[in-house]
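S.K.: Next up is a structure, given as structure tokens.
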Amino acid sequence: MASAVVWRRGAAWLRSCRGKVLQRGGSRQPPGVPRARGCGGSREVVPTCERYAVRRLPFARLADGDVAFFERLLPGRVVTGEEEVKPFNVDWLKSVRGCSQLVLKPQTTAEVSQVLRYCHEKNLAVNPQGGNTGLVGGSVPVFDEIILSTALMNQIISFDRVSGILVCQAGCVLERLGEYLEEQGFIMPLDLGAKGSCHIGGNVATNAGGLRLLRYGSLRGTVLGLEVVLADGSALDCLTSLRKDNTGYDLKQLFIGSEGTLGVITAVSILCPQKPKALNVAFLGCQSFAKVLETFTTCRAMLGEILSAYEFMDGKCMELVQTHLKLSSPVADSPFYVLIETSGSNSTHDEEKLNNFLERAMASGLVTDGTVATDDKKIKALWSLRERITEALTHEGYVYKYDISLPVGKLYDLVTDMRARLGQSAKNVVGYGHLGDGNLHLNITAESYSHSLLDAIEPFVYEWTARCSGSISAEHGLGFKKRQFIQYSKPREAVLLMQQFKAMLDPKGILNPYKTLPSAPERSTC
């Protein structure tokens, strides 16, 4: 097969937060809802403590003696300069902004242990941070929490070529791990658009999903062991490299997806698949979402074990990546687009199966246009159309982002209903995501933040999702922005049990406070 084959049918930073939380217009303002714009472009981000109705908990405030202790413990790895700290305080979306005055960069688990032991004794709150690529405000401080960065914990500890098990520190960048493994004939079971910046520890702490989940499953299955430092500084060594271990409770599952609220992950043991010898990507145009669904059913049946990704995006997403990022579509304009990836061990076998599927899809009218790539450069170009949608959206102004899990058949109904509900009040309402595992990324854009628009979106989006037995967070986590809405996906009893786990493992609540679990509505000064 040629490397690209085309089918066509038809044609200002603050040292500390200050002042009271401002009330605007007297309208409803639950905790966790933004009060002013903060996403997009170079606009200054209002400190989170001035934009959200949240109360600073009674943690100690940083003193000169604390900084001196950390400088002795981590010589040359303590960041205090105003401009130097600023990037660690703001999230990637520029939608939330903390007021931390201190960043610590340990290199070992022992150093993390000493940092947390000291903070526990002094009642100092800590914000663990990896690559800071999260989308729900979970990776940056809310007030003046000390930022504990894993950026220097970037060593590969071991790799077993027989078992495919990698052991590494939590600060290893996902893309660097992938490059290392490819030299060994293996790949990471996880792939994300943010792979050039995100850390594996952060991936595990948020239970990141990504582009390969359809083929290799979630991190809850591929992570074999963890090393974690608890709030009091004690180190929990569950860094096993065993595929099977049925002795007692599986404690690592507590920390996968806990978003740094129960402990700081310092090392990871993960099972890695062999690198496929044959890789193909098809990019197809479909005339309706019903066709997208039918194409998926046909694709799954005909491609079977070689199917590794099934992504979709609507026509507006394509328009945005073309307009803002100057990317070119390889197929004719369509209401919907599908990206299908196959990976296997025999190129002839895989190409034959893919060709048979494409011929069936074209003949039955499921697909009206398409292109296939088999060489790395063209494959990356096709993936860019899907992976860079988030980047394109940031050029549209303020972005309201929702990461929803739904029954596959209902996936796009939410987008349709939201468009009808919002009408002209929103600039764009777009949908894309991992259709193969029922994950919709719903994005709504406006020129600037609008509280009335937010009122129209929330809680409607969560109520709609709950009625369909979906999840309000498929892979991004709850972080700071969505913690108050957990009840739409979890019963009260489950939330209570989570709070009990938190109280047991972190009785002072110093680890990533104000994140993941709900708090009572409160107002106060920072």
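Residues are named by chain letter and number: chains run A, B, ... in the order of the structure tokens, numbers start at 1 in each chain, and ligands are numbered from 1 in the order shown.
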Please identify all polymer residues within 10 Å of Thr80 in chain A, counting only C-alpha atoms, omitting same-chain residues fewer than 3 positions from it, and present them as a ChimeraX atom specification.
M.R.: /A:67,77,83-86,100-104
S.K.: For range 297-310 of chain A, work out the shell of residues within 10 Å, counting only C-alpha atoms and skipping chain neighbours fewer than 6 positions away, then give it as a PyMOL selection string.
M.R.: chain A and resi 210-216+276+278-282+291+338-346+349-350+352-358+360-361+366+433-437
S.K.: Using DSSP on the backbone, list every residue of range 186-370 of chain A that comes out as helix (DSSP H, G or I), and give them as a compact mmCIF listing (two decimals) with C-alpha atoms, in the first residue's frame.
M.R.:
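out-v2.txt, written as the output of this step:
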```txt
# COMPACT_ATOMS: atom_id res chain seq x y z
CA ILE A 200 4.15 9.89 34.11
CA GLY A 201 3.50 10.54 37.81
CA GLY A 202 0.89 13.13 36.93
CA ASN A 203 -0.62 10.78 34.36
CA VAL A 204 -1.03 8.13 37.04
CA ALA A 205 -2.26 10.60 39.67
CA LEU A 213 -6.94 3.24 25.84
CA LEU A 214 -9.08 1.38 23.30
CA ARG A 215 -6.19 -1.00 22.62
CA TYR A 216 -4.21 -1.17 25.85
CA LEU A 219 -3.61 2.90 33.76
CA ARG A 220 -5.53 0.99 36.41
CA GLY A 221 -4.59 -2.12 34.47
CA THR A 222 -1.12 -1.30 33.13
CA LYS A 252 -1.94 1.36 44.42
CA GLN A 253 -5.49 1.77 43.15
CA LEU A 254 -6.13 4.28 45.94
CA PHE A 255 -3.50 6.61 44.50
CA PHE A 289 -22.96 10.98 13.43
CA ALA A 290 -25.11 7.92 12.78
CA LYS A 291 -22.62 7.05 10.02
CA VAL A 292 -19.76 7.59 12.48
CA LEU A 293 -21.34 5.06 14.85
CA GLU A 294 -22.05 2.53 12.11
CA THR A 295 -18.50 2.94 10.80
CA PHE A 296 -17.23 2.15 14.30
CA THR A 297 -19.35 -1.00 14.53
CA THR A 298 -18.12 -2.18 11.12
CA CYS A 299 -14.54 -1.20 11.89
CA ARG A 300 -14.45 -3.06 15.20
CA ALA A 301 -15.89 -6.20 13.61
CA MET A 302 -13.57 -6.21 10.59
CA LEU A 303 -10.31 -4.95 12.11
CA GLY A 304 -10.56 -6.84 15.39
CA GLU A 305 -7.27 -7.18 17.24
CA ILE A 306 -5.35 -4.61 15.16
CA GLY A 315 -16.71 19.72 11.09
CA LYS A 316 -16.31 22.80 13.28
CA CYS A 317 -13.21 21.30 14.91
CA MET A 318 -11.65 20.89 11.49
CA GLU A 319 -12.49 24.49 10.65
CA LEU A 320 -10.77 25.68 13.82
CA VAL A 321 -7.50 23.78 13.29
CA GLN A 322 -7.42 25.01 9.70
CA THR A 323 -8.12 28.64 10.63
CA HIS A 324 -5.96 29.02 13.73
CA LEU A 325 -3.17 26.49 13.18
CA SER A 347 2.01 -5.12 7.48
CA THR A 348 0.59 -7.24 4.65
CA HIS A 349 -2.05 -8.77 6.91
CA ASP A 350 -2.98 -5.40 8.46
CA GLU A 351 -3.19 -3.56 5.13
CA GLU A 352 -5.39 -6.27 3.70
CA LYS A 353 -7.79 -6.04 6.63
CA LEU A 354 -7.83 -2.25 6.48
CA ASN A 355 -8.43 -2.22 2.73
CA ASN A 356 -11.30 -4.67 3.06
CA PHE A 357 -12.87 -2.49 5.73
CA LEU A 358 -12.46 0.68 3.69
CA GLU A 359 -13.96 -0.91 0.59
CA ARG A 360 -16.95 -2.03 2.65
CA ALA A 361 -17.32 1.42 4.23
CA MET A 362 -17.17 3.17 0.86
CA ALA A 363 -19.50 0.75 -0.90
```
S.K.: What is the CA of His395 in chain A to CA of Thr445 in chain A distance in Å?
M.R.: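 Between CA of His395 in chain A and CA of Thr445 in chain A the gap works out to 9.6 Å.
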S.K.: Check which residues of range 363-451 of chain A sit at most 10 Å from range 89-93 of chain A using only C-alpha atoms, and return one row each with the closest pair of atoms and their distance in Å to one decimal, ordered by chain and rising number, as a Markdown table.
M.R.:
```
| residue | atom | partner | partner_atom | distance |
| --- | --- | --- | --- | --- |
| A:Thr390 | CA | A:Leu93 | CA | 9.6 |
| A:Glu391 | CA | A:Leu93 | CA | 9.3 |
| A:Thr394 | CA | A:Leu93 | CA | 7.6 |
| A:Tyr398 | CA | A:Leu93 | CA | 9.5 |
| A:Val399 | CA | A:Leu93 | CA | 8.8 |
```
S.K.: Go through A:Val45, A:Glu111, A:Glu145, A:Leu271 and flag the residue nearest Ala235 in chain A, using only C-alpha atoms for the distances.
M.R.: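 Answer, going by the shortest atom-to-atom distance: A:Glu111.
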S.K.: Could you make a table, as a tab-separated table, of the residues of range 356-425 of chain A that have an atom within 10 Å of an atom of range 123-137 of chain A, each with its nearest atom pair and distance in Å to one decimal, counting only C-alpha atoms, in chain and number order?
M.R.:
```
residue	atom	partner	partner_atom	distance
A:Lys401	CA	A:Leu135	CA	8.1
A:Tyr402	CA	A:Val136	CA	9.4
A:Asp403	CA	A:Leu135	CA	9.5
```
S.K.: Please produce an output containing C-alpha atoms for each residue in the selection, written as an mmCIF file, in the first residue's frame.
M.R.:
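The new file selection.cif reads:
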```cif
data_model
loop_
_atom_site.group_PDB
_atom_site.id
_atom_site.type_symbol
_atom_site.label_atom_id
_atom_site.label_comp_id
_atom_site.auth_asym_id
_atom_site.auth_seq_id
_atom_site.Cartn_x
_atom_site.Cartn_y
_atom_site.Cartn_z
ATOM 1 C CA LYS A 401 -14.348 22.606 28.675
ATOM 2 C CA TYR A 402 -16.216 19.411 29.560
ATOM 3 C CA ASP A 403 -14.787 15.895 29.565
#
```
S.K.: Report the residues of range 108-163 of chain A whose backbone DSSP state falls under strand (DSSP E or B), written as a ChimeraX atom specification.
M.R.: /A:126-129,146-149,156-160
S.K.: Keeping only all heavy atoms, write the selected residues to a file as a short mmCIF file (atom, residue, chain, number, x, y, z; two decimals), in the first residue's frame.
M.R.:
```cif
data_model
loop_
_atom_site.label_atom_id
_atom_site.label_comp_id
_atom_site.auth_asym_id
_atom_site.auth_seq_id
_atom_site.Cartn_x
_atom_site.Cartn_y
_atom_site.Cartn_z
N VAL A 126 0.69 21.72 50.69
CA VAL A 126 1.58 21.37 49.58
C VAL A 126 0.76 21.07 48.32
O VAL A 126 -0.24 20.36 48.38
CB VAL A 126 2.44 20.13 49.94
CG1 VAL A 126 3.33 19.74 48.77
CG2 VAL A 126 3.28 20.41 51.18
N ASN A 127 1.23 21.59 47.21
CA ASN A 127 0.61 21.33 45.92
C ASN A 127 1.58 20.52 45.06
O ASN A 127 2.53 21.07 44.50
CB ASN A 127 0.27 22.65 45.21
CG ASN A 127 -0.46 22.46 43.89
OD1 ASN A 127 -1.66 22.65 43.81
ND2 ASN A 127 0.26 22.07 42.85
N PRO A 128 1.39 19.19 44.94
CA PRO A 128 2.25 18.40 44.06
C PRO A 128 2.02 18.83 42.61
O PRO A 128 0.88 19.08 42.20
CB PRO A 128 1.79 16.96 44.28
CG PRO A 128 0.99 16.99 45.56
CD PRO A 128 0.38 18.35 45.61
N GLN A 129 3.09 18.91 41.83
CA GLN A 129 2.95 19.34 40.43
C GLN A 129 3.91 18.57 39.53
O GLN A 129 5.09 18.46 39.82
CB GLN A 129 3.22 20.83 40.31
CG GLN A 129 2.93 21.41 38.92
CD GLN A 129 3.17 22.90 38.86
OE1 GLN A 129 4.23 23.35 38.41
NE2 GLN A 129 2.19 23.69 39.31
N ILE A 146 2.73 25.47 49.04
CA ILE A 146 4.07 25.21 48.53
C ILE A 146 3.96 24.27 47.33
O ILE A 146 3.28 23.24 47.40
CB ILE A 146 4.96 24.58 49.62
CG1 ILE A 146 5.19 25.57 50.76
CG2 ILE A 146 6.29 24.10 49.05
CD1 ILE A 146 5.85 24.95 51.98
N ILE A 147 4.62 24.61 46.24
CA ILE A 147 4.59 23.75 45.06
C ILE A 147 5.73 22.75 45.14
O ILE A 147 6.91 23.14 45.24
CB ILE A 147 4.69 24.58 43.76
CG1 ILE A 147 3.48 25.51 43.64
CG2 ILE A 147 4.78 23.66 42.54
CD1 ILE A 147 3.58 26.50 42.50
N LEU A 148 5.40 21.47 45.10
CA LEU A 148 6.39 20.41 45.10
C LEU A 148 6.46 19.86 43.68
O LEU A 148 5.58 19.12 43.25
CB LEU A 148 6.02 19.31 46.10
CG LEU A 148 7.12 18.33 46.49
CD1 LEU A 148 6.78 17.65 47.81
CD2 LEU A 148 7.33 17.26 45.42
N SER A 149 7.48 20.26 42.96
CA SER A 149 7.62 19.87 41.55
C SER A 149 8.44 18.60 41.41
O SER A 149 9.49 18.45 42.04
CB SER A 149 8.31 21.00 40.77
OG SER A 149 8.67 20.56 39.47
N ILE A 156 15.08 6.96 34.70
CA ILE A 156 14.59 5.60 34.44
C ILE A 156 15.37 4.65 35.34
O ILE A 156 16.60 4.63 35.31
CB ILE A 156 14.75 5.23 32.96
CG1 ILE A 156 13.83 6.10 32.10
CG2 ILE A 156 14.46 3.75 32.74
CD1 ILE A 156 14.03 5.93 30.60
N ILE A 157 14.65 3.90 36.14
CA ILE A 157 15.29 3.02 37.12
C ILE A 157 15.67 1.68 36.49
O ILE A 157 16.79 1.18 36.67
CB ILE A 157 14.37 2.82 38.34
CG1 ILE A 157 14.11 4.18 39.03
CG2 ILE A 157 14.97 1.83 39.33
CD1 ILE A 157 13.01 4.15 40.08
N SER A 158 14.75 1.10 35.75
CA SER A 158 15.05 -0.18 35.10
C SER A 158 14.04 -0.46 34.01
O SER A 158 12.95 0.09 33.99
CB SER A 158 15.01 -1.33 36.13
OG SER A 158 13.69 -1.51 36.63
N PHE A 159 14.44 -1.34 33.06
CA PHE A 159 13.51 -1.84 32.06
C PHE A 159 13.87 -3.29 31.75
O PHE A 159 15.02 -3.61 31.45
CB PHE A 159 13.55 -1.02 30.77
CG PHE A 159 12.64 -1.57 29.70
CD1 PHE A 159 11.26 -1.53 29.88
CD2 PHE A 159 13.15 -2.16 28.56
CE1 PHE A 159 10.41 -2.05 28.92
CE2 PHE A 159 12.31 -2.67 27.59
CZ PHE A 159 10.93 -2.62 27.77
N ASP A 160 12.88 -4.16 31.83
CA ASP A 160 13.05 -5.58 31.57
C ASP A 160 12.50 -5.91 30.19
O ASP A 160 11.29 -5.86 29.96
CB ASP A 160 12.31 -6.38 32.65
CG ASP A 160 12.59 -7.88 32.55
OD1 ASP A 160 12.88 -8.37 31.45
OD2 ASP A 160 12.51 -8.55 33.59
#
```
S.K.: I'd like the neighbourhood of Cys468 in chain A as a ChimeraX atom specification, where a residue qualifies if any of its atoms comes within 12 Å (using only C-alpha atoms), though same-chain residues fewer than 5 positions away should be ignored.
M.R.: /A:404-411,413-414,461-463,488-489
S.K.: Which residues are close to Met498 in chain A, i.e. within 12 Å by only C-alpha atoms, leaving aside same-chain residues fewer than 4 positions away? Reply as an MDAnalysis selection string.
M.R.: chainID A and resid 254:255 258 261:262 486 490:494 502:506 516:518
S.K.: Using only C-alpha atoms, pick whichever of A:Val78, A:Leu57, A:Leu453, A:Leu442 has the shortest atom-to-atom distance to Ala426 in chain A.
M.R.: A:Leu453
S.K.: Which residues are close to Lys377 in chain A, i.e. within 12 Å by only C-alpha atoms, leaving aside same-chain residues fewer than 2 positions away? Reply as a list in words.
M.R.: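 Result of the neighbour search: Ser3, Ala4, Leu279, Asn280, Val281, Ala373, Thr374, Asp375, Ile379, Lys380, Ala381, Leu382, Trp383 and Ser384 of chain A.
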